[in-house]
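Text of final_35.txt, listed as compact mmCIF, N, CA and C atoms:
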```
# COMPACT_ATOMS: atom_id res chain seq x y z
N MET A 1 4.31 -31.36 1.96
CA MET A 1 4.23 -30.84 0.60
C MET A 1 5.49 -31.16 -0.20
N LYS A 2 6.65 -31.18 0.46
CA LYS A 2 7.90 -31.35 -0.30
C LYS A 2 7.90 -32.67 -1.08
N ASP A 3 7.15 -33.67 -0.64
CA ASP A 3 7.07 -34.94 -1.35
C ASP A 3 6.20 -34.84 -2.60
N ILE A 4 5.43 -33.80 -2.70
CA ILE A 4 4.51 -33.62 -3.83
C ILE A 4 5.11 -32.71 -4.90
N LEU A 5 5.91 -31.72 -4.47
CA LEU A 5 6.43 -30.72 -5.38
C LEU A 5 7.64 -31.23 -6.16
N LEU A 6 7.75 -30.86 -7.43
CA LEU A 6 8.90 -31.23 -8.24
C LEU A 6 10.16 -30.59 -7.67
N GLU A 7 11.22 -31.38 -7.60
CA GLU A 7 12.47 -30.90 -7.00
C GLU A 7 13.16 -29.82 -7.84
N ASN A 8 12.99 -29.83 -9.14
CA ASN A 8 13.70 -28.88 -9.99
C ASN A 8 12.99 -27.52 -10.10
N LEU A 9 11.91 -27.34 -9.35
CA LEU A 9 11.19 -26.07 -9.34
C LEU A 9 11.27 -25.44 -7.96
N THR A 10 11.30 -24.13 -7.92
CA THR A 10 11.27 -23.40 -6.65
C THR A 10 9.87 -22.84 -6.46
N PHE A 11 9.30 -23.09 -5.31
CA PHE A 11 7.95 -22.65 -5.02
C PHE A 11 7.99 -21.59 -3.90
N SER A 12 7.04 -20.66 -3.96
CA SER A 12 6.89 -19.68 -2.89
C SER A 12 5.43 -19.26 -2.83
N LEU A 13 5.03 -18.81 -1.67
CA LEU A 13 3.70 -18.27 -1.52
C LEU A 13 3.70 -16.85 -2.04
N ASN A 14 2.58 -16.43 -2.57
CA ASN A 14 2.44 -15.09 -3.10
C ASN A 14 1.09 -14.55 -2.66
N GLY A 15 1.03 -13.31 -2.36
CA GLY A 15 -0.24 -12.72 -1.96
C GLY A 15 -0.09 -11.23 -1.76
N ARG A 16 -1.21 -10.60 -1.55
CA ARG A 16 -1.23 -9.15 -1.31
C ARG A 16 -2.11 -8.88 -0.11
N LEU A 17 -1.76 -7.85 0.57
CA LEU A 17 -2.48 -7.42 1.76
C LEU A 17 -3.17 -6.10 1.46
N TRP A 18 -4.42 -5.98 1.84
CA TRP A 18 -5.10 -4.71 1.72
C TRP A 18 -6.18 -4.62 2.78
N ILE A 19 -6.58 -3.40 3.06
CA ILE A 19 -7.67 -3.13 3.99
C ILE A 19 -8.81 -2.59 3.14
N GLU A 20 -9.99 -3.14 3.36
CA GLU A 20 -11.14 -2.66 2.59
C GLU A 20 -12.34 -2.49 3.50
N SER A 21 -13.22 -1.58 3.12
CA SER A 21 -14.48 -1.38 3.81
C SER A 21 -15.56 -2.06 2.98
N THR A 22 -16.78 -1.96 3.42
CA THR A 22 -17.87 -2.52 2.62
C THR A 22 -18.10 -1.70 1.35
N ASN A 23 -17.56 -0.48 1.30
CA ASN A 23 -17.75 0.40 0.15
C ASN A 23 -16.64 0.31 -0.89
N ASP A 24 -15.38 0.16 -0.43
CA ASP A 24 -14.27 0.32 -1.36
C ASP A 24 -13.00 -0.19 -0.69
N ARG A 25 -11.98 -0.36 -1.47
CA ARG A 25 -10.65 -0.64 -0.91
C ARG A 25 -10.18 0.62 -0.22
N PHE A 26 -9.65 0.46 0.99
CA PHE A 26 -9.14 1.61 1.73
C PHE A 26 -7.65 1.77 1.51
N LEU A 27 -6.89 0.68 1.66
CA LEU A 27 -5.45 0.79 1.56
C LEU A 27 -4.87 -0.53 1.08
N GLY A 28 -3.95 -0.43 0.15
CA GLY A 28 -3.20 -1.57 -0.37
C GLY A 28 -1.82 -1.08 -0.76
N ILE A 29 -1.06 -1.93 -1.40
CA ILE A 29 0.32 -1.59 -1.72
C ILE A 29 0.42 -0.37 -2.65
N GLY A 30 -0.49 -0.23 -3.59
CA GLY A 30 -0.46 0.92 -4.50
C GLY A 30 -0.78 2.22 -3.79
N ARG A 31 -1.79 2.19 -2.94
CA ARG A 31 -2.16 3.39 -2.19
C ARG A 31 -1.07 3.73 -1.17
N LEU A 32 -0.46 2.70 -0.61
CA LEU A 32 0.67 2.91 0.30
C LEU A 32 1.79 3.64 -0.42
N GLU A 33 2.13 3.18 -1.62
CA GLU A 33 3.18 3.83 -2.39
C GLU A 33 2.81 5.27 -2.72
N LEU A 34 1.54 5.50 -3.04
CA LEU A 34 1.09 6.86 -3.34
C LEU A 34 1.28 7.77 -2.12
N LEU A 35 0.90 7.30 -0.95
CA LEU A 35 1.10 8.09 0.27
C LEU A 35 2.58 8.36 0.52
N GLU A 36 3.42 7.35 0.31
CA GLU A 36 4.87 7.53 0.47
C GLU A 36 5.40 8.61 -0.49
N LYS A 37 4.93 8.57 -1.73
CA LYS A 37 5.40 9.54 -2.73
C LYS A 37 4.87 10.95 -2.43
N ILE A 38 3.64 11.05 -1.95
CA ILE A 38 3.10 12.36 -1.57
C ILE A 38 3.94 12.94 -0.44
N GLU A 39 4.29 12.09 0.52
CA GLU A 39 5.12 12.55 1.63
C GLU A 39 6.49 13.00 1.12
N ALA A 40 7.06 12.25 0.19
CA ALA A 40 8.40 12.57 -0.33
C ALA A 40 8.40 13.83 -1.20
N PHE A 41 7.39 13.99 -2.06
CA PHE A 41 7.39 15.08 -3.03
C PHE A 41 6.56 16.28 -2.62
N GLY A 42 5.66 16.11 -1.65
CA GLY A 42 4.80 17.21 -1.24
C GLY A 42 3.80 17.62 -2.29
N SER A 43 3.44 16.67 -3.17
CA SER A 43 2.56 16.99 -4.29
C SER A 43 1.89 15.72 -4.80
N ILE A 44 0.58 15.79 -5.01
CA ILE A 44 -0.13 14.65 -5.61
C ILE A 44 0.30 14.50 -7.06
N SER A 45 0.46 15.61 -7.76
CA SER A 45 0.85 15.58 -9.16
C SER A 45 2.23 14.92 -9.33
N LYS A 46 3.20 15.33 -8.53
CA LYS A 46 4.54 14.75 -8.63
C LYS A 46 4.55 13.29 -8.20
N ALA A 47 3.75 12.97 -7.21
CA ALA A 47 3.64 11.57 -6.77
C ALA A 47 3.07 10.72 -7.91
N ALA A 48 2.04 11.23 -8.57
CA ALA A 48 1.43 10.51 -9.69
C ALA A 48 2.44 10.31 -10.82
N GLN A 49 3.19 11.36 -11.16
CA GLN A 49 4.20 11.26 -12.21
C GLN A 49 5.24 10.19 -11.87
N ALA A 50 5.68 10.19 -10.62
CA ALA A 50 6.70 9.22 -10.20
C ALA A 50 6.19 7.79 -10.29
N MET A 51 4.87 7.62 -10.18
CA MET A 51 4.27 6.29 -10.26
C MET A 51 3.75 5.97 -11.66
N GLU A 52 3.96 6.92 -12.60
CA GLU A 52 3.43 6.78 -13.96
C GLU A 52 1.92 6.54 -13.93
N MET A 53 1.26 7.39 -13.16
CA MET A 53 -0.18 7.31 -12.96
C MET A 53 -0.76 8.68 -13.32
N SER A 54 -1.96 8.71 -13.82
CA SER A 54 -2.58 10.00 -14.13
C SER A 54 -2.88 10.75 -12.83
N TYR A 55 -2.88 12.06 -12.94
CA TYR A 55 -3.21 12.89 -11.78
C TYR A 55 -4.62 12.56 -11.31
N LYS A 56 -5.54 12.37 -12.25
CA LYS A 56 -6.92 12.07 -11.89
C LYS A 56 -7.01 10.78 -11.08
N LYS A 57 -6.30 9.76 -11.51
CA LYS A 57 -6.30 8.48 -10.78
C LYS A 57 -5.76 8.68 -9.37
N ALA A 58 -4.65 9.40 -9.24
CA ALA A 58 -4.06 9.66 -7.93
C ALA A 58 -5.04 10.45 -7.06
N TRP A 59 -5.65 11.47 -7.65
CA TRP A 59 -6.61 12.28 -6.90
C TRP A 59 -7.79 11.43 -6.45
N ASP A 60 -8.29 10.55 -7.32
CA ASP A 60 -9.40 9.68 -6.96
C ASP A 60 -9.03 8.75 -5.80
N LEU A 61 -7.80 8.22 -5.81
CA LEU A 61 -7.35 7.34 -4.74
C LEU A 61 -7.25 8.11 -3.42
N VAL A 62 -6.69 9.31 -3.47
CA VAL A 62 -6.60 10.15 -2.27
C VAL A 62 -8.00 10.48 -1.76
N SER A 63 -8.89 10.84 -2.66
CA SER A 63 -10.27 11.17 -2.26
C SER A 63 -10.95 9.98 -1.61
N SER A 64 -10.74 8.79 -2.16
CA SER A 64 -11.33 7.57 -1.61
C SER A 64 -10.81 7.31 -0.19
N MET A 65 -9.49 7.43 -0.01
CA MET A 65 -8.93 7.21 1.34
C MET A 65 -9.44 8.26 2.31
N ASN A 66 -9.45 9.54 1.89
CA ASN A 66 -9.92 10.61 2.77
C ASN A 66 -11.38 10.41 3.15
N ALA A 67 -12.20 9.96 2.21
CA ALA A 67 -13.63 9.78 2.46
C ALA A 67 -13.91 8.63 3.42
N GLN A 68 -12.99 7.67 3.51
CA GLN A 68 -13.22 6.51 4.36
C GLN A 68 -12.59 6.65 5.76
N ALA A 69 -11.87 7.73 5.98
CA ALA A 69 -11.22 7.95 7.27
C ALA A 69 -11.98 9.03 8.05
N ARG A 70 -11.88 8.97 9.37
CA ARG A 70 -12.54 9.99 10.20
C ARG A 70 -11.97 11.38 9.94
N SER A 71 -10.67 11.44 9.68
CA SER A 71 -10.00 12.70 9.34
C SER A 71 -9.22 12.46 8.06
N PRO A 72 -9.06 13.47 7.22
CA PRO A 72 -8.31 13.28 5.98
C PRO A 72 -6.89 12.78 6.23
N LEU A 73 -6.41 11.94 5.32
CA LEU A 73 -5.04 11.43 5.40
C LEU A 73 -4.08 12.35 4.65
N VAL A 74 -4.62 13.06 3.66
CA VAL A 74 -3.82 13.97 2.84
C VAL A 74 -4.52 15.32 2.84
N SER A 75 -3.75 16.37 3.13
CA SER A 75 -4.30 17.72 3.02
C SER A 75 -3.68 18.37 1.79
N THR A 76 -4.46 19.21 1.16
CA THR A 76 -3.98 19.87 -0.06
C THR A 76 -4.08 21.37 0.09
N GLN A 77 -3.25 22.05 -0.68
CA GLN A 77 -3.26 23.51 -0.74
C GLN A 77 -3.33 23.88 -2.21
N ALA A 78 -4.29 24.71 -2.57
CA ALA A 78 -4.45 25.11 -3.96
C ALA A 78 -3.24 25.90 -4.43
N GLY A 79 -3.00 25.87 -5.72
CA GLY A 79 -1.88 26.61 -6.32
C GLY A 79 -2.07 28.10 -6.21
N GLY A 80 -1.15 28.83 -6.73
CA GLY A 80 -1.19 30.29 -6.65
C GLY A 80 0.23 30.81 -6.57
N LYS A 81 0.40 31.99 -6.00
CA LYS A 81 1.73 32.57 -5.88
C LYS A 81 2.68 31.67 -5.11
N ARG A 82 2.19 31.10 -4.02
CA ARG A 82 3.04 30.23 -3.20
C ARG A 82 3.07 28.81 -3.75
N GLY A 83 2.29 28.54 -4.77
CA GLY A 83 2.24 27.19 -5.33
C GLY A 83 1.33 26.30 -4.51
N GLY A 84 0.95 25.20 -5.08
CA GLY A 84 0.09 24.26 -4.38
C GLY A 84 0.92 23.21 -3.69
N GLY A 85 0.26 22.20 -3.25
CA GLY A 85 0.99 21.12 -2.63
C GLY A 85 0.07 20.21 -1.86
N ALA A 86 0.65 19.16 -1.35
CA ALA A 86 -0.09 18.18 -0.56
C ALA A 86 0.85 17.65 0.51
N ALA A 87 0.25 17.27 1.61
CA ALA A 87 1.04 16.71 2.71
C ALA A 87 0.20 15.69 3.44
N LEU A 88 0.87 14.73 4.04
CA LEU A 88 0.16 13.79 4.89
C LEU A 88 -0.18 14.48 6.20
N THR A 89 -1.39 14.26 6.65
CA THR A 89 -1.80 14.76 7.96
C THR A 89 -1.20 13.83 9.02
N PRO A 90 -1.29 14.17 10.28
CA PRO A 90 -0.84 13.23 11.31
C PRO A 90 -1.51 11.86 11.18
N GLU A 91 -2.79 11.87 10.83
CA GLU A 91 -3.51 10.60 10.63
C GLU A 91 -2.95 9.84 9.43
N GLY A 92 -2.60 10.58 8.37
CA GLY A 92 -2.00 9.96 7.19
C GLY A 92 -0.67 9.33 7.52
N LYS A 93 0.14 10.03 8.31
CA LYS A 93 1.44 9.48 8.72
C LYS A 93 1.25 8.24 9.58
N GLN A 94 0.24 8.26 10.45
CA GLN A 94 -0.04 7.09 11.30
C GLN A 94 -0.47 5.90 10.45
N VAL A 95 -1.36 6.14 9.49
CA VAL A 95 -1.82 5.06 8.59
C VAL A 95 -0.64 4.50 7.81
N LEU A 96 0.21 5.38 7.29
CA LEU A 96 1.38 4.96 6.53
C LEU A 96 2.28 4.06 7.38
N GLU A 97 2.60 4.50 8.57
CA GLU A 97 3.48 3.75 9.46
C GLU A 97 2.85 2.41 9.86
N THR A 98 1.58 2.43 10.19
CA THR A 98 0.89 1.21 10.62
C THR A 98 0.84 0.19 9.48
N PHE A 99 0.51 0.65 8.28
CA PHE A 99 0.39 -0.29 7.16
C PHE A 99 1.76 -0.80 6.72
N GLN A 100 2.79 0.03 6.82
CA GLN A 100 4.15 -0.44 6.52
C GLN A 100 4.51 -1.59 7.47
N GLY A 101 4.15 -1.46 8.74
CA GLY A 101 4.39 -2.53 9.71
C GLY A 101 3.60 -3.79 9.36
N MET A 102 2.36 -3.62 8.96
CA MET A 102 1.54 -4.76 8.55
C MET A 102 2.17 -5.47 7.35
N GLN A 103 2.64 -4.67 6.39
CA GLN A 103 3.29 -5.24 5.19
C GLN A 103 4.52 -6.05 5.58
N ALA A 104 5.32 -5.53 6.49
CA ALA A 104 6.53 -6.24 6.92
C ALA A 104 6.17 -7.56 7.59
N ARG A 105 5.14 -7.53 8.45
CA ARG A 105 4.72 -8.77 9.12
C ARG A 105 4.11 -9.75 8.12
N PHE A 106 3.40 -9.23 7.13
CA PHE A 106 2.80 -10.09 6.10
C PHE A 106 3.89 -10.78 5.27
N ARG A 107 4.94 -10.01 4.89
CA ARG A 107 6.06 -10.61 4.14
C ARG A 107 6.74 -11.70 4.97
N GLN A 108 6.92 -11.43 6.25
CA GLN A 108 7.54 -12.42 7.13
C GLN A 108 6.68 -13.68 7.21
N PHE A 109 5.38 -13.52 7.33
CA PHE A 109 4.46 -14.65 7.36
C PHE A 109 4.58 -15.46 6.07
N MET A 110 4.61 -14.77 4.92
CA MET A 110 4.69 -15.46 3.64
C MET A 110 6.00 -16.24 3.53
N GLU A 111 7.09 -15.66 4.02
CA GLU A 111 8.39 -16.35 4.00
C GLU A 111 8.36 -17.58 4.89
N GLN A 112 7.75 -17.46 6.07
CA GLN A 112 7.65 -18.60 6.98
C GLN A 112 6.81 -19.73 6.37
N GLU A 113 5.72 -19.36 5.76
CA GLU A 113 4.85 -20.37 5.14
C GLU A 113 5.51 -20.99 3.91
N THR A 114 6.30 -20.21 3.17
CA THR A 114 7.05 -20.77 2.04
C THR A 114 8.02 -21.81 2.54
N ALA A 115 8.72 -21.52 3.62
CA ALA A 115 9.66 -22.48 4.21
C ALA A 115 8.96 -23.77 4.61
N ARG A 116 7.73 -23.65 5.08
CA ARG A 116 6.96 -24.84 5.50
C ARG A 116 6.62 -25.75 4.31
N LEU A 117 6.61 -25.20 3.11
CA LEU A 117 6.34 -26.04 1.94
C LEU A 117 7.39 -27.14 1.81
N TYR A 118 8.58 -26.89 2.31
CA TYR A 118 9.71 -27.81 2.13
C TYR A 118 9.97 -28.65 3.37
N GLU A 119 9.13 -28.55 4.36
CA GLU A 119 9.31 -29.38 5.57
C GLU A 119 8.76 -30.77 5.36
```

Would you mind writing the file's structure down as structure tokens?
Amino acid sequence: MKDILLENLTFSLNGRLWIESTNDRFLGIGRLELLEKIEAFGSISKAAQAMEMSYKKAWDLVSSMNAQARSPLVSTQAGGKRGGGAALTPEGKQVLETFQGMQARFRQFMEQETARLYE
């Protein structure tokens, strides 16, 4: 490829990784970030604010992930005197950790393939 590409330009591979079912997207970089923020803030609302996303959109994404998993990934507690909140379930933490690993391996793959463009 290096004989074909212009020397004064830098090229790289670009792509995104996601897991999808026949019904819907299950997990991608945006949903991963949402799970990370829910874990950090303990709240879907605060996670949505941090991502500049509507609460409804965040709730819909959580509902979609929960509906596609055998056990919910996010558990919620209604508001009240003690306040509401959300937390990742053990399954949610496992999905988060597993997908973070997949993302790291995917980035490494993309870097390796980018290097091959110049061989």

Residue with smallest distance to A:Ala40 - pool A:Thr10, A:Lys56, A:Ala86, A:Gly15, counting only C-alpha atoms: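 Of all the options, A:Ala86 lies closest to A:Ala40.
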
What does the structure give for the distance between atom N of A:Leu117 and atom C of A:Gly101, in Å to one decimal?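 Computed distance, atom N of A:Leu117 to atom C of A:Gly101, equals 22.5 Å.
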
List every residue of stretch 72-107 of chain A that DSSP, applied to the backbone, labels as strand (DSSP E or B), and write the result as a ChimeraX atom specification. /A:74-77,85-88

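Taking only N, CA and C atoms into account, A:Lys93 lies nearest to A:Leu73 out of the set A:Leu73, A:Arg116, A:Glu20, A:Glu52.
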
What separates atom C of A:Ala115 and atom N of A:Leu9 is a distance of 14.7 Å

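Taking atom C of A:Pro72 as the reference point, atom C of A:Leu88 is found at 6.9 Å.
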
How would stretch 67-99 of chain A look written as a CSV table (one decimal), in the first residue's frame with N, CA, C and O atoms?
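Below is the file that was written, part_2.csv:
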```
chain,number,residue,atom,x,y,z
A,67,ALA,N,-32.9,-5.4,28.7
A,67,ALA,CA,-33.9,-6.3,28.0
A,67,ALA,C,-33.2,-7.4,27.2
A,67,ALA,O,-33.7,-8.4,27.0
A,68,GLN,N,-31.9,-7.1,26.8
A,68,GLN,CA,-31.2,-8.1,26.0
A,68,GLN,C,-30.3,-9.0,26.8
A,68,GLN,O,-29.7,-9.9,26.2
A,69,ALA,N,-30.2,-8.8,28.1
A,69,ALA,CA,-29.3,-9.6,28.9
A,69,ALA,C,-30.2,-10.5,29.8
A,69,ALA,O,-31.3,-10.2,30.1
A,70,ARG,N,-29.6,-11.6,30.2
A,70,ARG,CA,-30.3,-12.6,31.0
A,70,ARG,C,-30.7,-12.0,32.4
A,70,ARG,O,-31.7,-12.3,32.9
A,71,SER,N,-29.8,-11.1,32.9
A,71,SER,CA,-30.0,-10.4,34.1
A,71,SER,C,-29.8,-8.9,33.9
A,71,SER,O,-28.9,-8.6,33.0
A,72,PRO,N,-30.4,-8.0,34.5
A,72,PRO,CA,-30.2,-6.6,34.3
A,72,PRO,C,-28.8,-6.2,34.5
A,72,PRO,O,-28.1,-6.8,35.4
A,73,LEU,N,-28.3,-5.3,33.7
A,73,LEU,CA,-26.9,-4.7,33.9
A,73,LEU,C,-26.9,-3.6,34.8
A,73,LEU,O,-25.9,-3.3,35.5
A,74,VAL,N,-28.1,-2.9,34.9
A,74,VAL,CA,-28.2,-1.7,35.8
A,74,VAL,C,-29.4,-1.9,36.7
A,74,VAL,O,-30.5,-2.2,36.2
A,75,SER,N,-29.2,-1.7,38.0
A,75,SER,CA,-30.4,-1.7,38.9
A,75,SER,C,-30.7,-0.3,39.3
A,75,SER,O,-29.8,0.5,39.4
A,76,THR,N,-31.9,0.0,39.5
A,76,THR,CA,-32.3,1.3,39.9
A,76,THR,C,-33.1,1.3,41.2
A,76,THR,O,-33.7,0.3,41.5
A,77,GLN,N,-33.1,2.4,41.9
A,77,GLN,CA,-33.9,2.6,43.1
A,77,GLN,C,-34.6,3.9,42.9
A,77,GLN,O,-34.0,4.9,42.6
A,78,ALA,N,-35.9,3.8,43.1
A,78,ALA,CA,-36.8,5.0,43.0
A,78,ALA,C,-36.4,6.1,44.0
A,78,ALA,O,-35.9,5.7,45.1
A,79,GLY,N,-36.7,7.3,43.7
A,79,GLY,CA,-36.4,8.4,44.6
A,79,GLY,C,-37.2,8.4,45.9
A,79,GLY,O,-38.1,7.5,46.0
A,80,GLY,N,-37.1,9.3,46.7
A,80,GLY,CA,-37.8,9.4,48.0
A,80,GLY,C,-36.9,10.0,49.0
A,80,GLY,O,-36.0,10.8,48.7
A,81,LYS,N,-37.2,9.7,50.3
A,81,LYS,CA,-36.4,10.2,51.4
A,81,LYS,C,-34.9,9.9,51.2
A,81,LYS,O,-34.1,10.8,51.5
A,82,ARG,N,-34.6,8.7,50.9
A,82,ARG,CA,-33.2,8.3,50.7
A,82,ARG,C,-32.7,8.7,49.3
A,82,ARG,O,-31.5,8.5,49.1
A,83,GLY,N,-33.5,9.2,48.5
A,83,GLY,CA,-33.1,9.5,47.1
A,83,GLY,C,-33.1,8.3,46.2
A,83,GLY,O,-33.1,7.2,46.7
A,84,GLY,N,-33.0,8.5,45.0
A,84,GLY,CA,-32.9,7.4,44.0
A,84,GLY,C,-31.5,7.1,43.7
A,84,GLY,O,-30.6,7.6,44.3
A,85,GLY,N,-31.4,6.3,42.7
A,85,GLY,CA,-30.0,6.0,42.2
A,85,GLY,C,-30.0,4.8,41.3
A,85,GLY,O,-31.0,4.2,41.0
A,86,ALA,N,-28.8,4.6,40.8
A,86,ALA,CA,-28.6,3.4,39.9
A,86,ALA,C,-27.2,2.9,40.2
A,86,ALA,O,-26.3,3.6,40.6
A,87,ALA,N,-27.1,1.6,39.9
A,87,ALA,CA,-25.8,0.9,40.1
A,87,ALA,C,-25.7,-0.2,39.1
A,87,ALA,O,-26.7,-0.8,38.7
A,88,LEU,N,-24.5,-0.5,38.7
A,88,LEU,CA,-24.2,-1.7,37.9
A,88,LEU,C,-24.4,-2.9,38.8
A,88,LEU,O,-23.9,-3.0,39.9
A,89,THR,N,-25.0,-3.9,38.2
A,89,THR,CA,-25.1,-5.2,38.9
A,89,THR,C,-23.8,-5.9,38.6
A,89,THR,O,-23.0,-5.5,37.8
A,90,PRO,N,-23.6,-7.0,39.3
A,90,PRO,CA,-22.4,-7.8,39.0
A,90,PRO,C,-22.3,-8.1,37.5
A,90,PRO,O,-21.2,-8.1,36.9
A,91,GLU,N,-23.4,-8.4,36.8
A,91,GLU,CA,-23.4,-8.7,35.4
A,91,GLU,C,-23.0,-7.5,34.6
A,91,GLU,O,-22.3,-7.5,33.6
A,92,GLY,N,-23.5,-6.3,35.1
A,92,GLY,CA,-23.2,-5.0,34.4
A,92,GLY,C,-21.7,-4.8,34.5
A,92,GLY,O,-21.0,-4.3,33.6
A,93,LYS,N,-21.1,-5.0,35.7
A,93,LYS,CA,-19.7,-4.8,35.9
A,93,LYS,C,-18.9,-5.8,35.0
A,93,LYS,O,-17.8,-5.4,34.5
A,94,GLN,N,-19.4,-7.0,34.9
A,94,GLN,CA,-18.7,-8.0,34.0
A,94,GLN,C,-18.7,-7.6,32.6
A,94,GLN,O,-17.7,-7.6,31.9
A,95,VAL,N,-19.9,-7.1,32.1
A,95,VAL,CA,-20.0,-6.6,30.7
A,95,VAL,C,-19.1,-5.4,30.5
A,95,VAL,O,-18.4,-5.4,29.5
A,96,LEU,N,-19.1,-4.5,31.4
A,96,LEU,CA,-18.2,-3.3,31.3
A,96,LEU,C,-16.8,-3.7,31.2
A,96,LEU,O,-16.1,-3.3,30.3
A,97,GLU,N,-16.3,-4.6,32.1
A,97,GLU,CA,-14.9,-5.0,32.1
A,97,GLU,C,-14.6,-5.8,30.8
A,97,GLU,O,-13.5,-5.6,30.2
A,98,THR,N,-15.4,-6.7,30.4
A,98,THR,CA,-15.2,-7.5,29.2
A,98,THR,C,-15.2,-6.6,27.9
A,98,THR,O,-14.3,-6.8,27.1
A,99,PHE,N,-16.1,-5.7,27.8
A,99,PHE,CA,-16.1,-4.8,26.6
A,99,PHE,C,-14.9,-3.8,26.6
A,99,PHE,O,-14.4,-3.5,25.5
```
